[in-house]
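Undergrad: My structure is stored as target-v6.pdb, with PDB, C-alpha atoms and all ligand atoms.
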ATOM      1  CA  MET J  30      56.525 -11.098  37.687
ATOM      2  CA  ASN J  31      56.105 -13.421  34.703
ATOM      3  CA  LEU J  32      55.602 -11.973  31.267
ATOM      4  CA  ILE J  33      52.997 -13.807  29.170
ATOM      5  CA  ASN J  34      54.517 -14.290  25.749
ATOM      6  CA  GLY J  35      51.628 -14.365  23.277
ATOM      7  CA  LYS J  36      53.928 -14.856  20.318
ATOM      8  CA  GLU J  37      55.395 -18.013  21.832
ATOM      9  CA  VAL J  38      51.944 -19.470  22.602
ATOM     10  CA  ALA J  39      50.641 -18.499  19.157
ATOM     11  CA  ASP J  40      53.657 -20.124  17.473
ATOM     12  CA  SER J  41      53.140 -23.367  19.362
ATOM     13  CA  LEU J  42      49.439 -23.521  18.388
ATOM     14  CA  LYS J  43      50.274 -22.583  14.817
ATOM     15  CA  ALA J  44      52.613 -25.589  14.584
ATOM     16  CA  VAL J  45      49.834 -27.889  15.866
ATOM     17  CA  ILE J  46      47.357 -26.513  13.286
ATOM     18  CA  ALA J  47      49.873 -26.800  10.436
ATOM     19  CA  ALA J  48      50.610 -30.432  11.404
ATOM     20  CA  GLN J  49      46.884 -31.259  11.359
ATOM     21  CA  VAL J  50      46.468 -29.651   7.939
ATOM     22  CA  ASN J  51      49.388 -31.751   6.698
ATOM     23  CA  GLU J  52      47.696 -34.881   7.977
ATOM     24  CA  MET J  53      44.429 -33.929   6.279
ATOM     25  CA  THR J  54      46.003 -33.242   2.917
ATOM     26  CA  ALA J  55      48.245 -36.315   3.158
ATOM     27  CA  ALA J  56      45.051 -38.352   3.651
ATOM     28  CA  GLY J  57      43.666 -36.914   0.405
ATOM     29  CA  CYS J  58      41.338 -34.260   1.853
ATOM     30  CA  ARG J  59      41.448 -30.718   0.529
ATOM     31  CA  ALA J  60      43.009 -27.994   2.690
ATOM     32  CA  PRO J  61      40.663 -25.917   4.892
ATOM     33  CA  HIS J  62      39.407 -22.854   3.033
ATOM     34  CA  LEU J  63      38.779 -19.494   4.735
ATOM     35  CA  VAL J  64      37.161 -16.585   2.896
ATOM     36  CA  ALA J  65      37.304 -12.992   4.152
ATOM     37  CA  ILE J  66      34.951 -10.282   2.922
ATOM     38  CA  LEU J  67      36.473  -6.825   2.997
ATOM     39  CA  VAL J  68      34.307  -3.776   2.290
ATOM     40  CA  GLY J  69      35.838  -0.369   1.574
ATOM     41  CA  ASP J  70      39.412   0.748   2.068
ATOM     42  CA  ASP J  71      39.765   1.205   5.836
ATOM     43  CA  GLY J  72      43.507   0.909   6.509
ATOM     44  CA  ALA J  73      43.260  -1.070   9.754
ATOM     45  CA  SER J  74      40.794  -3.558   8.221
ATOM     46  CA  GLN J  75      43.078  -4.080   5.224
ATOM     47  CA  THR J  76      46.003  -4.744   7.564
ATOM     48  CA  TYR J  77      44.005  -7.261   9.633
ATOM     49  CA  VAL J  78      42.771  -9.107   6.549
ATOM     50  CA  GLY J  79      46.333  -9.115   5.175
ATOM     51  CA  HIS J  80      47.566 -10.749   8.415
ATOM     52  CA  LYS J  81      44.799 -13.339   8.229
ATOM     53  CA  GLU J  82      45.669 -14.167   4.606
ATOM     54  CA  ARG J  83      49.337 -14.583   5.502
ATOM     55  CA  MET J  84      48.561 -16.802   8.466
ATOM     56  CA  CYS J  85      46.331 -19.006   6.276
ATOM     57  CA  THR J  86      49.243 -19.565   3.930
ATOM     58  CA  GLU J  87      51.576 -20.314   6.826
ATOM     59  CA  VAL J  88      49.360 -23.055   8.257
ATOM     60  CA  GLY J  89      48.528 -24.530   4.834
ATOM     61  CA  PHE J  90      44.957 -23.220   4.419
ATOM     62  CA  ARG J  91      43.487 -21.948   1.197
ATOM     63  CA  SER J  92      42.561 -18.292   1.574
ATOM     64  CA  THR J  93      40.342 -16.035  -0.520
ATOM     65  CA  VAL J  94      39.622 -12.353   0.001
ATOM     66  CA  LEU J  95      36.512 -10.850  -1.590
ATOM     67  CA  ARG J  96      36.899  -7.082  -1.839
ATOM     68  CA  PHE J  97      33.936  -4.777  -2.355
ATOM     69  CA  GLU J  98      33.638  -1.027  -2.787
ATOM     70  CA  GLU J  99      32.584   1.114   0.175
ATOM     71  CA  SER J 100      29.362   1.844  -1.782
ATOM     72  CA  VAL J 101      28.298  -1.811  -2.059
ATOM     73  CA  THR J 102      24.634  -2.270  -1.128
ATOM     74  CA  GLN J 103      23.483  -4.361   1.795
ATOM     75  CA  ASP J 104      21.380  -6.528  -0.529
ATOM     76  CA  PHE J 105      24.353  -7.258  -2.753
ATOM     77  CA  LEU J 106      26.473  -8.185   0.264
ATOM     78  CA  LEU J 107      23.744 -10.449   1.635
ATOM     79  CA  GLY J 108      23.634 -12.137  -1.788
ATOM     80  CA  GLU J 109      27.389 -12.787  -1.656
ATOM     81  CA  ILE J 110      27.014 -14.227   1.843
ATOM     82  CA  GLU J 111      24.304 -16.559   0.621
ATOM     83  CA  LYS J 112      26.630 -17.786  -2.145
ATOM     84  CA  LEU J 113      29.343 -18.521   0.411
ATOM     85  CA  ASN J 114      26.842 -20.293   2.664
ATOM     86  CA  ASN J 115      26.068 -22.639  -0.236
ATOM     87  CA  ASP J 116      29.608 -23.092  -1.542
ATOM     88  CA  ALA J 117      30.846 -26.537  -0.559
ATOM     89  CA  GLU J 118      34.436 -25.447  -1.234
ATOM     90  CA  VAL J 119      34.256 -22.841   1.570
ATOM     91  CA  ASP J 120      34.618 -24.103   5.139
ATOM     92  CA  GLY J 121      34.358 -20.794   6.947
ATOM     93  CA  PHE J 122      34.144 -17.089   6.223
ATOM     94  CA  ILE J 123      34.321 -13.788   8.010
ATOM     95  CA  VAL J 124      33.075 -10.313   7.231
ATOM     96  CA  GLN J 125      35.686  -7.832   8.405
ATOM     97  CA  LEU J 126      34.100  -5.229  10.682
ATOM     98  CA  PRO J 127      33.372  -2.353  10.836
ATOM     99  CA  LEU J 128      31.098  -2.072   7.803
ATOM    100  CA  PRO J 129      30.046   1.243   6.228
ATOM    101  CA  GLY J 130      27.173   2.967   8.042
ATOM    102  CA  HIS J 131      24.528   2.097   5.413
ATOM    103  CA  ILE J 132      24.965  -1.638   6.078
ATOM    104  CA  SER J 133      23.547  -3.269   9.202
ATOM    105  CA  GLU J 134      26.304  -5.342  10.814
ATOM    106  CA  GLN J 135      23.709  -7.339  12.700
ATOM    107  CA  ARG J 136      21.824  -8.236   9.477
ATOM    108  CA  VAL J 137      25.096  -9.320   7.912
ATOM    109  CA  ILE J 138      26.194 -11.402  10.905
ATOM    110  CA  GLU J 139      22.810 -13.113  11.091
ATOM    111  CA  ALA J 140      22.932 -13.943   7.368
ATOM    112  CA  ILE J 141      26.038 -16.102   7.858
ATOM    113  CA  ASP J 142      25.371 -19.817   8.171
ATOM    114  CA  PRO J 143      26.343 -20.572  11.824
ATOM    115  CA  ARG J 144      28.227 -23.647  10.551
ATOM    116  CA  LYS J 145      30.566 -21.330   8.643
ATOM    117  CA  ASP J 146      30.632 -18.470  11.174
ATOM    118  CA  VAL J 147      34.275 -18.881  12.205
ATOM    119  CA  ASP J 148      34.307 -15.454  13.912
ATOM    120  CA  GLY J 149      31.715 -16.892  16.297
ATOM    121  CA  PHE J 150      29.564 -13.751  16.157
ATOM    122  CA  HIS J 151      26.260 -15.331  14.990
ATOM    123  CA  PRO J 152      23.645 -15.485  17.779
ATOM    124  CA  VAL J 153      23.458 -19.267  17.330
ATOM    125  CA  ASN J 154      27.148 -19.585  18.169
ATOM    126  CA  THR J 155      26.864 -17.013  20.959
ATOM    127  CA  GLY J 156      23.879 -18.868  22.414
ATOM    128  CA  ARG J 157      25.644 -22.217  22.188
ATOM    129  CA  MET J 158      28.706 -20.722  23.867
ATOM    130  CA  ILE J 159      26.633 -19.296  26.734
ATOM    131  CA  SER J 160      24.926 -22.669  27.149
ATOM    132  CA  GLY J 161      28.307 -24.387  27.353
ATOM    133  CA  LEU J 162      27.723 -26.245  24.072
ATOM    134  CA  PRO J 163      30.452 -26.693  21.455
ATOM    135  CA  SER J 164      30.603 -23.573  19.277
ATOM    136  CA  TYR J 165      33.030 -21.365  17.426
ATOM    137  CA  LEU J 166      34.396 -19.153  20.185
ATOM    138  CA  PRO J 167      35.086 -15.512  19.370
ATOM    139  CA  ALA J 168      38.796 -15.176  18.669
ATOM    140  CA  THR J 169      40.016 -12.793  21.360
ATOM    141  CA  PRO J 170      38.317 -14.513  24.329
ATOM    142  CA  ASP J 171      39.489 -17.889  23.026
ATOM    143  CA  GLY J 172      43.026 -16.483  22.742
ATOM    144  CA  ILE J 173      42.878 -15.332  26.380
ATOM    145  CA  LEU J 174      41.771 -18.811  27.497
ATOM    146  CA  GLU J 175      44.672 -20.343  25.568
ATOM    147  CA  LEU J 176      47.135 -18.001  27.293
ATOM    148  CA  LEU J 177      45.795 -18.917  30.741
ATOM    149  CA  LYS J 178      45.979 -22.625  29.852
ATOM    150  CA  TYR J 179      49.514 -22.453  28.461
ATOM    151  CA  TYR J 180      50.819 -20.757  31.607
ATOM    152  CA  LYS J 181      48.764 -23.102  33.848
ATOM    153  CA  ILE J 182      47.151 -20.129  35.559
ATOM    154  CA  GLU J 183      44.593 -21.371  38.093
ATOM    155  CA  THR J 184      41.106 -19.995  37.516
ATOM    156  CA  VAL J 185      38.965 -22.179  39.812
ATOM    157  CA  GLY J 186      37.401 -20.102  42.577
ATOM    158  CA  LYS J 187      39.339 -16.981  41.600
ATOM    159  CA  ASN J 188      37.820 -13.517  41.517
ATOM    160  CA  CYS J 189      38.001 -12.205  37.992
ATOM    161  CA  VAL J 190      37.147  -8.638  37.037
ATOM    162  CA  VAL J 191      36.525  -7.948  33.357
ATOM    163  CA  ILE J 192      36.612  -4.258  32.408
ATOM    164  CA  GLY J 193      34.528  -3.713  29.260
ATOM    165  CA  ARG J 194      31.314  -5.391  28.083
ATOM    166  CA  SER J 195      31.673  -5.550  24.294
ATOM    167  CA  ASN J 196      30.117  -8.441  22.391
ATOM    168  CA  ILE J 197      33.477  -9.489  20.998
ATOM    169  CA  VAL J 198      35.621  -9.419  24.154
ATOM    170  CA  GLY J 199      34.220  -8.405  27.551
ATOM    171  CA  ARG J 200      30.883 -10.225  27.565
ATOM    172  CA  PRO J 201      32.101 -13.541  26.103
ATOM    173  CA  ILE J 202      35.273 -13.786  28.204
ATOM    174  CA  ALA J 203      33.231 -13.033  31.348
ATOM    175  CA  ASN J 204      30.829 -15.826  30.458
ATOM    176  CA  LEU J 205      33.521 -18.340  29.511
ATOM    177  CA  LEU J 206      35.494 -17.786  32.704
ATOM    178  CA  SER J 207      32.406 -18.345  34.836
ATOM    179  CA  GLN J 208      31.607 -21.685  33.168
ATOM    180  CA  LYS J 209      32.153 -25.054  34.807
ATOM    181  CA  GLY J 210      35.762 -26.126  34.554
ATOM    182  CA  ARG J 211      37.070 -22.565  34.681
ATOM    183  CA  ASP J 212      34.912 -21.663  37.673
ATOM    184  CA  CYS J 213      35.858 -18.030  38.169
ATOM    185  CA  THR J 214      33.638 -15.667  40.105
ATOM    186  CA  VAL J 215      33.300 -12.916  37.535
ATOM    187  CA  THR J 216      32.423  -9.234  37.860
ATOM    188  CA  VAL J 217      31.953  -7.134  34.729
ATOM    189  CA  CYS J 218      32.816  -3.429  34.990
ATOM    190  CA  HIS J 219      31.857  -0.917  32.307
ATOM    191  CA  SER J 220      31.512   2.791  31.650
ATOM    192  CA  ARG J 221      28.677   3.172  34.211
ATOM    193  CA  THR J 222      30.317   1.202  37.019
ATOM    194  CA  HIS J 223      30.633   2.952  40.384
ATOM    195  CA  ASN J 224      33.749   2.313  42.479
ATOM    196  CA  LEU J 225      35.546   0.643  39.582
ATOM    197  CA  SER J 226      38.996   0.990  41.171
ATOM    198  CA  GLN J 227      37.900  -0.712  44.392
ATOM    199  CA  THR J 228      36.251  -3.533  42.437
ATOM    200  CA  VAL J 229      39.313  -4.138  40.268
ATOM    201  CA  ALA J 230      41.488  -4.127  43.404
ATOM    202  CA  GLN J 231      39.639  -7.272  44.624
ATOM    203  CA  ALA J 232      40.535  -9.236  41.508
ATOM    204  CA  ASP J 233      42.877 -12.220  41.292
ATOM    205  CA  ILE J 234      42.561 -11.944  37.516
ATOM    206  CA  VAL J 235      41.996  -8.619  35.716
ATOM    207  CA  ILE J 236      40.981  -8.559  32.058
ATOM    208  CA  ALA J 237      41.099  -5.044  30.627
ATOM    209  CA  ALA J 238      39.175  -4.555  27.355
ATOM    210  CA  ILE J 239      38.210  -0.902  27.254
ATOM    211  CA  GLY J 240      40.291   0.843  24.619
ATOM    212  CA  ILE J 241      41.531   3.649  26.882
ATOM    213  CA  ALA J 242      45.322   3.783  26.969
ATOM    214  CA  GLU J 243      46.892   3.104  30.395
ATOM    215  CA  PHE J 244      43.538   3.193  32.200
ATOM    216  CA  VAL J 245      44.512   0.550  34.766
ATOM    217  CA  THR J 246      47.062   1.924  37.203
ATOM    218  CA  ALA J 247      49.103   0.229  39.943
ATOM    219  CA  ASP J 248      46.820   1.393  42.773
ATOM    220  CA  MET J 249      43.921  -0.576  41.196
ATOM    221  CA  VAL J 250      45.767  -3.898  41.137
ATOM    222  CA  LYS J 251      46.123  -6.358  44.002
ATOM    223  CA  PRO J 252      49.669  -7.651  44.573
ATOM    224  CA  GLY J 253      50.091 -11.029  42.848
ATOM    225  CA  ALA J 254      47.184 -10.504  40.422
ATOM    226  CA  VAL J 255      47.166 -11.843  36.865
ATOM    227  CA  VAL J 256      46.614  -8.992  34.397
ATOM    228  CA  VAL J 257      45.474  -9.574  30.818
ATOM    229  CA  ASP J 258      45.573  -6.425  28.689
ATOM    230  CA  VAL J 259      43.396  -6.597  25.572
ATOM    231  CA  GLY J 260      43.454  -2.891  24.732
ATOM    232  CA  ILE J 261      45.240  -1.497  21.710
ATOM    233  CA  THR J 262      45.470   2.265  21.295
ATOM    234  CA  ARG J 263      47.741   3.892  18.753
ATOM    235  CA  VAL J 264      49.463   7.001  20.137
ATOM    236  CA  PRO J 265      52.006   9.367  18.586
ATOM    237  CA  SER J 266      55.633   8.682  19.520
ATOM    238  CA  GLU J 267      58.852  10.519  18.757
ATOM    239  CA  LYS J 268      60.864   7.416  19.597
ATOM    240  CA  THR J 269      59.661   5.196  16.748
ATOM    241  CA  LYS J 270      60.383   5.427  13.032
ATOM    242  CA  SER J 271      56.688   5.146  12.196
ATOM    243  CA  GLY J 272      55.871   8.097  14.480
ATOM    244  CA  TRP J 273      53.424   6.071  16.591
ATOM    245  CA  LYS J 274      53.347   3.245  19.091
ATOM    246  CA  LEU J 275      50.752   0.935  20.625
ATOM    247  CA  LEU J 276      49.591   1.224  24.214
ATOM    248  CA  GLY J 277      47.427  -1.183  26.159
ATOM    249  CA  ASP J 278      44.690  -0.440  28.680
ATOM    250  CA  VAL J 279      47.183  -1.082  31.481
ATOM    251  CA  LYS J 280      49.955   1.248  32.639
ATOM    252  CA  PHE J 281      52.459  -1.522  32.130
ATOM    253  CA  ASP J 282      55.595  -0.103  33.781
ATOM    254  CA  GLU J 283      53.934   0.531  37.135
ATOM    255  CA  VAL J 284      51.480  -2.407  37.127
ATOM    256  CA  ALA J 285      53.846  -5.171  35.983
ATOM    257  CA  PRO J 286      56.011  -5.278  39.156
ATOM    258  CA  LYS J 287      52.864  -5.993  41.244
ATOM    259  CA  CYS J 288      51.618  -8.875  39.092
ATOM    260  CA  SER J 289      52.253 -12.609  39.120
ATOM    261  CA  TYR J 290      51.578 -12.658  35.352
ATOM    262  CA  ILE J 291      50.951  -9.898  32.845
ATOM    263  CA  THR J 292      50.475  -9.644  29.072
ATOM    264  CA  PRO J 293      52.481  -6.949  27.287
ATOM    265  CA  VAL J 294      51.114  -4.763  24.462
ATOM    266  CA  PRO J 295      52.083  -5.579  21.798
ATOM    267  CA  GLY J 296      52.975  -9.283  22.010
ATOM    268  CA  GLY J 297      50.393 -10.508  24.528
ATOM    269  CA  VAL J 298      46.775 -11.082  23.498
ATOM    270  CA  GLY J 299      47.241  -9.693  19.975
ATOM    271  CA  PRO J 300      49.112 -12.618  18.375
ATOM    272  CA  MET J 301      46.523 -15.075  19.748
ATOM    273  CA  THR J 302      43.526 -13.626  17.946
ATOM    274  CA  ILE J 303      44.431 -14.771  14.434
ATOM    275  CA  ILE J 304      45.402 -18.207  15.717
ATOM    276  CA  SER J 305      41.937 -18.657  17.214
ATOM    277  CA  LEU J 306      40.402 -17.848  13.826
ATOM    278  CA  MET J 307      42.619 -20.547  12.294
ATOM    279  CA  LYS J 308      41.504 -23.000  15.027
ATOM    280  CA  ASN J 309      37.862 -22.307  14.186
ATOM    281  CA  THR J 310      38.457 -22.718  10.462
ATOM    282  CA  LEU J 311      40.146 -26.067  11.039
ATOM    283  CA  LYS J 312      37.185 -27.141  13.213
ATOM    284  CA  ALA J 313      34.826 -26.061  10.427
ATOM    285  CA  ALA J 314      36.759 -28.060   7.833
ATOM    286  CA  LYS J 315      36.701 -31.115  10.111
ATOM    287  CA  ARG J 316      32.991 -30.596  10.939
ATOM    288  CA  GLU J 317      33.860 -30.776  14.631
ATOM    289  CA  ILE J 318      31.101 -28.506  15.905
ATOM    290  CA  TYR J 319      28.313 -29.084  13.378
ATOM    291  CA  LYS J 320      28.324 -32.538  11.814
TER
HETATM  292  P1  LIG T   1      34.444  -1.551  22.717
HETATM  293  O1  LIG T   1      35.117  -0.307  22.241
HETATM  294  O2  LIG T   1      33.356  -2.148  21.922
HETATM  295  O3  LIG T   1      33.884  -1.296  24.165
HETATM  296  C1  LIG T   1      34.631  -0.724  25.172
HETATM  297  C2  LIG T   1      34.053  -1.145  26.503
HETATM  298  O4  LIG T   1      34.756  -0.447  27.509
HETATM  299  C3  LIG T   1      32.574  -0.813  26.650
HETATM  300  O5  LIG T   1      31.916  -1.985  27.079
HETATM  301  C4  LIG T   1      32.525   0.242  27.735
HETATM  302  O6  LIG T   1      31.441   0.051  28.658
HETATM  303  C5  LIG T   1      33.840   0.062  28.455
HETATM  304  N1  LIG T   1      34.347   1.353  28.913
HETATM  305  C6  LIG T   1      34.524   2.479  28.193
HETATM  306  N2  LIG T   1      34.968   3.480  28.983
HETATM  307  C7  LIG T   1      35.058   2.960  30.214
HETATM  308  C8  LIG T   1      35.432   3.501  31.472
HETATM  309  N3  LIG T   1      35.828   4.761  31.606
HETATM  310  N4  LIG T   1      35.412   2.663  32.529
HETATM  311  C9  LIG T   1      35.027   1.402  32.411
HETATM  312  N5  LIG T   1      34.662   0.821  31.250
HETATM  313  C10 LIG T   1      34.664   1.605  30.171
HETATM  314  O7  LIG T   1      35.557  -2.620  23.128
HETATM  315  P2  LIG T   1      36.272  -3.808  22.395
HETATM  316  O8  LIG T   1      35.869  -3.923  20.976
HETATM  317  O9  LIG T   1      36.132  -4.955  23.325
HETATM  318  O10 LIG T   1      37.785  -3.278  22.415
HETATM  319  C11 LIG T   1      38.437  -2.915  23.609
HETATM  320  C12 LIG T   1      39.902  -2.714  23.321
HETATM  321  O11 LIG T   1      40.462  -3.962  22.960
HETATM  322  C13 LIG T   1      40.204  -1.779  22.146
HETATM  323  O12 LIG T   1      41.394  -1.089  22.431
HETATM  324  C14 LIG T   1      40.428  -2.724  20.995
HETATM  325  O13 LIG T   1      41.277  -2.175  20.004
HETATM  326  C15 LIG T   1      41.096  -3.868  21.693
HETATM  327  N6  LIG T   1      40.970  -5.179  21.040
HETATM  328  C16 LIG T   1      42.097  -5.906  20.917
HETATM  329  C17 LIG T   1      42.051  -7.162  20.349
HETATM  330  C18 LIG T   1      43.303  -7.973  20.246
HETATM  331  O14 LIG T   1      43.378  -8.865  19.450
HETATM  332  N7  LIG T   1      44.294  -7.697  21.086
HETATM  333  C19 LIG T   1      40.844  -7.672  19.896
HETATM  334  C20 LIG T   1      39.679  -6.926  20.068
HETATM  335  C21 LIG T   1      39.746  -5.673  20.654
END
Any chance you could put this one into structure tokens?
TA:
Amino acid sequence: MNLINGKEVADSLKAVIAAQVNEMTAAGCRAPHLVAILVGDDGASQTYVGHKERMCTEVGFRSTVLRFEESVTQDFLLGEIEKLNNDAEVDGFIVQLPLPGHISEQRVIEAIDPRKDVDGFHPVNTGRMISGLPSYLPATPDGILELLKYYKIETVGKNCVVIGRSNIVGRPIANLLSQKGRDCTVTVCHSRTHNLSQTVAQADIVIAAIGIAEFVTADMVKPGAVVVDVGITRVPSEKTKSGWKLLGDVKFDEVAPKCSYITPVPGGVGPMTIISLMKNTLKAAKREIYK
């Protein structure tokens, strides 16, 4: 069994991004600039945005966080988005989800100029991705592709089962793996799938993105399979100082010995997600996707 070390892969990509930023600034260009919009005081969202800010600094980007009260109106937020769309000093921006219930996430996502949509959630970027055109890829699926590439894991002709069909993970990774060049035969399982265990047991590559701790057990996994665990569930623990620990969607201890490769939680897919956002922001600053 080989453990996929997401931190190591993320660090190597981070060094490449930082070197490119150095080149840009040495040539007299300004550093890439990422803006994050944060609404309300959700603890997890604040932590994620904090990580993104720190990573920007580490790779040499300029970073701005716009914080708004939970009670901000949708119209006000759309106005702020329009300002960012028109601000030549901003290369890319994200709106940290989830948003409060009175704001339509879809309206907000669709208000972002696709050229600055570095989360890759705008339908224009989604459509381009599905068509195999250059686009900003959503961060978690892109991170999974980077892990497979780094470990030279063969995808061509392999059976891949994706568990979960969310817009940010399951659906895009299923599509990307089926595209020419990656050439997987992909099955998507979800909450209404019959015979899920038998389907997963056929997979050469399993991608679990459900959000149910330790859902995937050893009996569901074919010997020699590659298992990518996207899930993150916080559970109480008496063994940690904080009083909680993170579990993935895969019952790691019993599944790992059967696998050829497996991602741990934490330290697998997680560290890749922020790096992919940095990759997109650099692409935006270099006008690589949209000229
Ligand atoms: P989501 O919560 O939007 O959707 C969950 C999906 O799982 C749904 O498509 C649903 O059909 C499927 N599902 C639910 N119960 C199921 C069941 N019993 N059997 C089969 N399928 C079932 O999912 P998401 O936003 O993709 O998140 C999934 C997990 O990944 C969460 O734990 C989330 O925290 C984590 N996540 C991690 C990262 C990272 O960077 N590591 C990024 C995004 C999401």
Undergrad: Check what the PyMOL selection byres (((chain J and resi 53-62) around 12) and not hetatm) selects in the file above and give those residues as a compact mmCIF listing (two decimals) with C-alpha atoms, keeping the file's coordinate frame.
TA:
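So the final result, stored in expr.txt, reads:
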# COMPACT_ATOMS: atom_id res chain seq x y z
CA ILE J 46 47.36 -26.51 13.29
CA ALA J 47 49.87 -26.80 10.44
CA ALA J 48 50.61 -30.43 11.40
CA GLN J 49 46.88 -31.26 11.36
CA VAL J 50 46.47 -29.65 7.94
CA ASN J 51 49.39 -31.75 6.70
CA GLU J 52 47.70 -34.88 7.98
CA LEU J 63 38.78 -19.49 4.74
CA VAL J 64 37.16 -16.58 2.90
CA ALA J 65 37.30 -12.99 4.15
CA GLU J 82 45.67 -14.17 4.61
CA CYS J 85 46.33 -19.01 6.28
CA THR J 86 49.24 -19.57 3.93
CA VAL J 88 49.36 -23.06 8.26
CA GLY J 89 48.53 -24.53 4.83
CA PHE J 90 44.96 -23.22 4.42
CA ARG J 91 43.49 -21.95 1.20
CA SER J 92 42.56 -18.29 1.57
CA THR J 93 40.34 -16.04 -0.52
CA VAL J 94 39.62 -12.35 0.00
CA LEU J 113 29.34 -18.52 0.41
CA ASP J 116 29.61 -23.09 -1.54
CA ALA J 117 30.85 -26.54 -0.56
CA GLU J 118 34.44 -25.45 -1.23
CA VAL J 119 34.26 -22.84 1.57
CA ASP J 120 34.62 -24.10 5.14
CA GLY J 121 34.36 -20.79 6.95
CA PHE J 122 34.14 -17.09 6.22
CA ILE J 123 34.32 -13.79 8.01
CA LYS J 145 30.57 -21.33 8.64
CA VAL J 147 34.28 -18.88 12.20
CA LEU J 306 40.40 -17.85 13.83
CA MET J 307 42.62 -20.55 12.29
CA LYS J 308 41.50 -23.00 15.03
CA ASN J 309 37.86 -22.31 14.19
CA THR J 310 38.46 -22.72 10.46
CA LEU J 311 40.15 -26.07 11.04
CA LYS J 312 37.18 -27.14 13.21
CA ALA J 313 34.83 -26.06 10.43
CA ALA J 314 36.76 -28.06 7.83
CA LYS J 315 36.70 -31.12 10.11
CA ARG J 316 32.99 -30.60 10.94
Undergrad: For the structure provided, state which residues fall under the PyMOL selection byres (((not hetatm)) within 8 of (chain T and resi 1)), and present them as a PyMOL selection string.
TA: chain J and resi 168-169+192-199+218-222+225+237-242+244+258-262+277-278+297-303
Undergrad: Could you name the residues that touch Pro293 (chain J) at 10 Å or less, counting all atoms listed in the file, but leaving out those on the same chain fewer than 2 positions away, as a short mmCIF file (atom, residue, chain, number, x, y, z; two decimals) with C-alpha atoms, keeping the file's coordinate frame?
TA:
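What follows is the written file around39.cif:
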data_model
loop_
_atom_site.label_atom_id
_atom_site.label_comp_id
_atom_site.auth_asym_id
_atom_site.auth_seq_id
_atom_site.Cartn_x
_atom_site.Cartn_y
_atom_site.Cartn_z
CA LEU J 32 55.60 -11.97 31.27
CA ILE J 33 53.00 -13.81 29.17
CA ASN J 34 54.52 -14.29 25.75
CA GLY J 35 51.63 -14.36 23.28
CA VAL J 256 46.61 -8.99 34.40
CA VAL J 257 45.47 -9.57 30.82
CA ASP J 258 45.57 -6.42 28.69
CA VAL J 259 43.40 -6.60 25.57
CA LEU J 276 49.59 1.22 24.21
CA GLY J 277 47.43 -1.18 26.16
CA VAL J 279 47.18 -1.08 31.48
CA PHE J 281 52.46 -1.52 32.13
CA ASP J 282 55.60 -0.10 33.78
CA ALA J 285 53.85 -5.17 35.98
CA TYR J 290 51.58 -12.66 35.35
CA ILE J 291 50.95 -9.90 32.84
CA PRO J 295 52.08 -5.58 21.80
CA GLY J 296 52.98 -9.28 22.01
CA GLY J 297 50.39 -10.51 24.53
CA VAL J 298 46.78 -11.08 23.50
CA GLY J 299 47.24 -9.69 19.98
#
Undergrad: To one decimal place, how far is CA of Gly253 (chain J) from CA of Asp233 (chain J) in Å?
TA: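 Atom-to-atom, CA of Gly253 (chain J) to CA of Asp233 (chain J), that is 7.5 Å.
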Undergrad: Which one is closest to Val137 (chain J): J:Leu107, J:Ala230, J:Ile173, J:Met158? Count all atoms listed in the file.
TA: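 Closest residue, counting all atoms listed in the file: J:Leu107.
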Undergrad: Between CA of Gln227 (chain J) and CA of Asn188 (chain J), what distance in Å does the model show, to one decimal?
TA: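 That distance, rounded to one decimal, is 13.1 Å.
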Undergrad: Which residue is closest to Leu162 (chain J)? Choose from J:Gln231, J:Lys209, J:Thr216, J:Val78 and count all atoms listed in the file.
TA: J:Lys209
